[in-house]
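Asks: Structure file run.cif, mmCIF, C-alpha atoms, is pasted below:
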```
data_start
#
loop_
_atom_site.label_atom_id
_atom_site.label_comp_id
_atom_site.auth_asym_id
_atom_site.auth_seq_id
_atom_site.Cartn_x
_atom_site.Cartn_y
_atom_site.Cartn_z
CA MET A 19 29.88 -21.17 -25.78
CA GLU A 20 26.37 -19.77 -25.81
CA ASN A 21 24.11 -19.56 -22.82
CA GLN A 22 22.33 -22.90 -22.85
CA PHE A 23 19.09 -23.86 -21.19
CA ILE A 24 20.05 -25.95 -18.19
CA PRO A 25 17.00 -27.22 -16.29
CA TYR A 26 18.71 -27.58 -12.92
CA ASN A 27 19.39 -23.80 -12.86
CA TYR A 28 15.62 -23.30 -12.57
CA LEU A 29 15.14 -25.86 -9.81
CA PRO A 30 15.05 -23.31 -6.92
CA ILE A 31 12.39 -21.25 -8.72
CA LEU A 32 10.33 -24.35 -9.47
CA LEU A 33 10.69 -25.49 -5.85
CA GLN A 34 9.59 -22.11 -4.49
CA PHE A 35 6.62 -22.00 -6.85
CA SER A 36 5.63 -25.54 -5.82
CA VAL A 37 5.83 -24.74 -2.11
CA ALA A 38 3.75 -21.57 -2.57
CA LEU A 39 1.13 -23.37 -4.65
CA GLY A 40 1.05 -26.25 -2.16
CA PHE A 41 0.55 -23.83 0.73
CA VAL A 42 -2.39 -22.17 -1.04
CA VAL A 43 -4.03 -25.49 -1.91
CA VAL A 44 -3.56 -26.95 1.60
CA THR A 45 -4.88 -23.76 3.22
CA LEU A 46 -7.98 -23.66 1.01
CA VAL A 47 -8.75 -27.34 1.55
CA ALA A 48 -8.14 -27.13 5.31
CA THR A 49 -10.41 -24.11 5.78
CA HIS A 50 -13.12 -25.77 3.72
CA LEU A 51 -12.96 -28.99 5.75
CA LEU A 52 -12.40 -27.49 9.20
CA GLY A 53 -14.44 -24.29 8.90
CA PRO A 54 -18.00 -23.76 10.17
CA LYS A 55 -20.82 -25.06 8.01
CA ALA A 56 -23.73 -22.85 9.21
CA LYS A 57 -26.08 -21.72 6.45
CA GLY A 58 -29.16 -19.57 6.51
CA LYS A 59 -30.73 -16.29 5.42
CA ARG A 60 -29.30 -14.29 8.32
CA LYS A 61 -25.89 -16.00 8.10
CA ASP A 62 -25.54 -15.36 4.35
CA ALA A 63 -26.59 -11.69 4.55
CA SER A 64 -23.91 -9.05 3.99
CA PHE A 65 -22.31 -7.63 7.13
CA GLU A 66 -21.42 -3.95 7.39
CA CYS A 67 -19.78 -3.29 10.76
CA GLY A 68 -22.82 -4.47 12.68
CA LEU A 69 -25.21 -2.11 10.92
CA ASP A 70 -28.01 -3.15 8.64
CA SER A 71 -27.39 -2.30 5.01
CA VAL A 72 -30.06 0.28 4.24
CA GLY A 73 -30.16 2.98 1.60
CA ASN A 74 -27.86 3.99 -1.20
CA ALA A 75 -24.25 2.81 -1.04
CA ARG A 76 -23.12 5.79 -3.13
CA ASN A 77 -22.87 8.35 -0.33
CA PRO A 78 -20.42 11.11 -1.26
CA PHE A 79 -17.14 11.32 0.64
CA SER A 80 -15.59 14.59 1.62
CA VAL A 81 -12.88 15.89 -0.71
CA LYS A 82 -10.69 16.36 2.38
CA TYR A 83 -10.59 12.59 2.85
CA PHE A 84 -9.32 12.04 -0.69
CA MET A 85 -6.81 14.88 -0.47
CA THR A 86 -5.38 13.44 2.73
CA ALA A 87 -5.14 9.98 1.15
CA ILE A 88 -3.46 11.30 -2.00
CA LEU A 89 -1.00 13.39 0.01
CA PHE A 90 -0.18 10.41 2.22
CA VAL A 91 0.59 8.26 -0.81
CA LEU A 92 2.60 11.04 -2.45
CA PHE A 93 4.80 11.79 0.56
CA ASP A 94 5.06 8.12 1.52
CA VAL A 95 6.42 7.22 -1.91
CA GLU A 96 8.80 10.18 -1.79
CA ILE A 97 10.18 9.03 1.56
CA ILE A 98 10.78 5.54 0.14
CA PHE A 99 13.42 7.11 -2.13
CA MET A 100 15.47 7.92 0.96
CA TYR A 101 16.12 4.27 1.87
CA PRO A 102 18.46 3.43 -1.05
CA TRP A 103 20.26 6.72 -0.45
CA ALA A 104 20.75 5.87 3.23
CA VAL A 105 22.11 2.42 2.36
CA ASN A 106 24.58 3.83 -0.19
CA TYR A 107 25.40 7.02 1.70
CA LYS A 108 29.16 6.44 1.95
CA LYS A 109 29.49 5.27 -1.64
CA LEU A 110 27.63 8.33 -3.00
CA GLY A 111 29.79 10.78 -1.06
CA TRP A 112 29.24 14.53 -1.24
CA PHE A 113 27.49 14.34 -4.60
CA GLY A 114 24.82 12.09 -3.10
CA PHE A 115 24.54 14.35 -0.09
CA TRP A 116 23.82 17.41 -2.24
CA GLU A 117 21.37 15.45 -4.38
CA MET A 118 19.45 14.40 -1.27
CA LEU A 119 19.55 17.94 0.08
CA ILE A 120 17.96 19.21 -3.16
CA PHE A 121 15.41 16.39 -3.05
CA LEU A 122 14.47 17.18 0.56
CA THR A 123 14.26 20.90 -0.22
CA LEU A 124 11.79 20.22 -3.03
CA LEU A 125 9.86 17.77 -0.84
CA MET A 126 9.58 20.31 1.97
CA ALA A 127 8.59 23.03 -0.52
CA GLY A 128 5.69 20.82 -1.62
CA PHE A 129 4.75 20.14 1.99
CA TYR A 130 4.91 23.88 2.78
CA TYR A 131 2.62 24.56 -0.21
CA VAL A 132 0.11 21.98 1.05
CA ILE A 133 0.15 23.53 4.53
CA ARG A 134 -0.27 27.07 3.15
CA LYS A 135 -3.23 25.97 1.02
CA GLY A 136 -4.90 24.53 4.15
CA VAL A 137 -5.44 21.09 2.68
CA LEU A 138 -4.83 19.37 6.00
CA ILE A 139 -7.23 21.56 7.99
CA TRP A 140 -10.29 19.44 8.71
CA GLU A 141 -12.34 21.94 10.71
CA GLU A 142 -14.49 24.42 8.86
CA LYS A 143 -13.19 27.98 9.21
CA TYR A 144 -16.38 29.62 8.11
CA LYS A 145 -19.84 28.38 8.97
CA ASP A 146 -23.00 29.57 7.25
#
```
Is it possible to express this structure as structure tokens?

Replies:
Amino acid sequence: MENQFIPYNYLPILLQFSVALGFVVVTLVATHLLGPKAKGKRKDASFECGLDSVGNARNPFSVKYFMTAILFVLFDVEIIFMYPWAVNYKKLGWFGFWEMLIFLTLLMAGFYYVIRKGVLIWEEKYKD
């Protein structure tokens, strides 16, 4: 017998979708009805941490900021790979242990390279 389309198998998915959609609609309607209604030039102006928006918004950021952000994402994603290994540690046995040891060795080699290059040093070594 082939796999047939049975509507009641999809009932939990439909129910979850309906509850999520209902929550969004109720939240939007409630905030619109219960929220403040103040209007005006000062109220509708953009707010930037209490400072007036003046000048060009395209100020350059330091490369150090981006390097730190990229390294955080890189090492954070790498660490996420350790969670499934920790959950299945006993099932993987010694083979899994050696795989994780190689993985951590390569991860630490990358971290050592970053440290040696001085990417995480924020202070200027040499001043003009």

Asks: Which residues are near range 126-140 of chain A? Cut-off 10 Å, all atoms listed in the file, ignore same chain within fewer than 4 positions. Put them as a PyMOL selection string.

Replies: chain A and resi 81-83+85-86+89+93+120-122

Asks: Padding of 6 Å on every side, edges along x, y and z, all listed atoms of range 52-65 of chain A included: what centre and edge lengths in Å, to one decimal, does that box have, as lines of an AutoDock Vina configuration file?

Replies:
```
center_x = -21.6
center_y = -17.6
center_z = 7.1
size_x = 30.3
size_y = 31.9
size_z = 18.2
```

Asks: For CA of Gly111 in chain A and CA of Thr123 in chain A, quote the distance in Å rounded to one decimal.

Replies: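 Interatomic distance, CA of Gly111 in chain A to CA of Thr123 in chain A: 18.6 Å.
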
Asks: Kindly give the distance, in Å, that separates CA of Glu141 in chain A and CA of Ala87 in chain A, rounded to a single decimal.

Replies: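 That distance, rounded to one decimal, is 16.9 Å.
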
Asks: So which one's closest to Pro102 in chain A, A:Gly114, A:Val43, A:Gly53, A:Ser64? Using only C-alpha atoms, please.

Replies: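 Answer, going by the shortest atom-to-atom distance: A:Gly114.
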
Asks: CA of Leu92 in chain A to CA of Leu125 in chain A: how many Å, to one decimal?

Replies: 10.0 Å
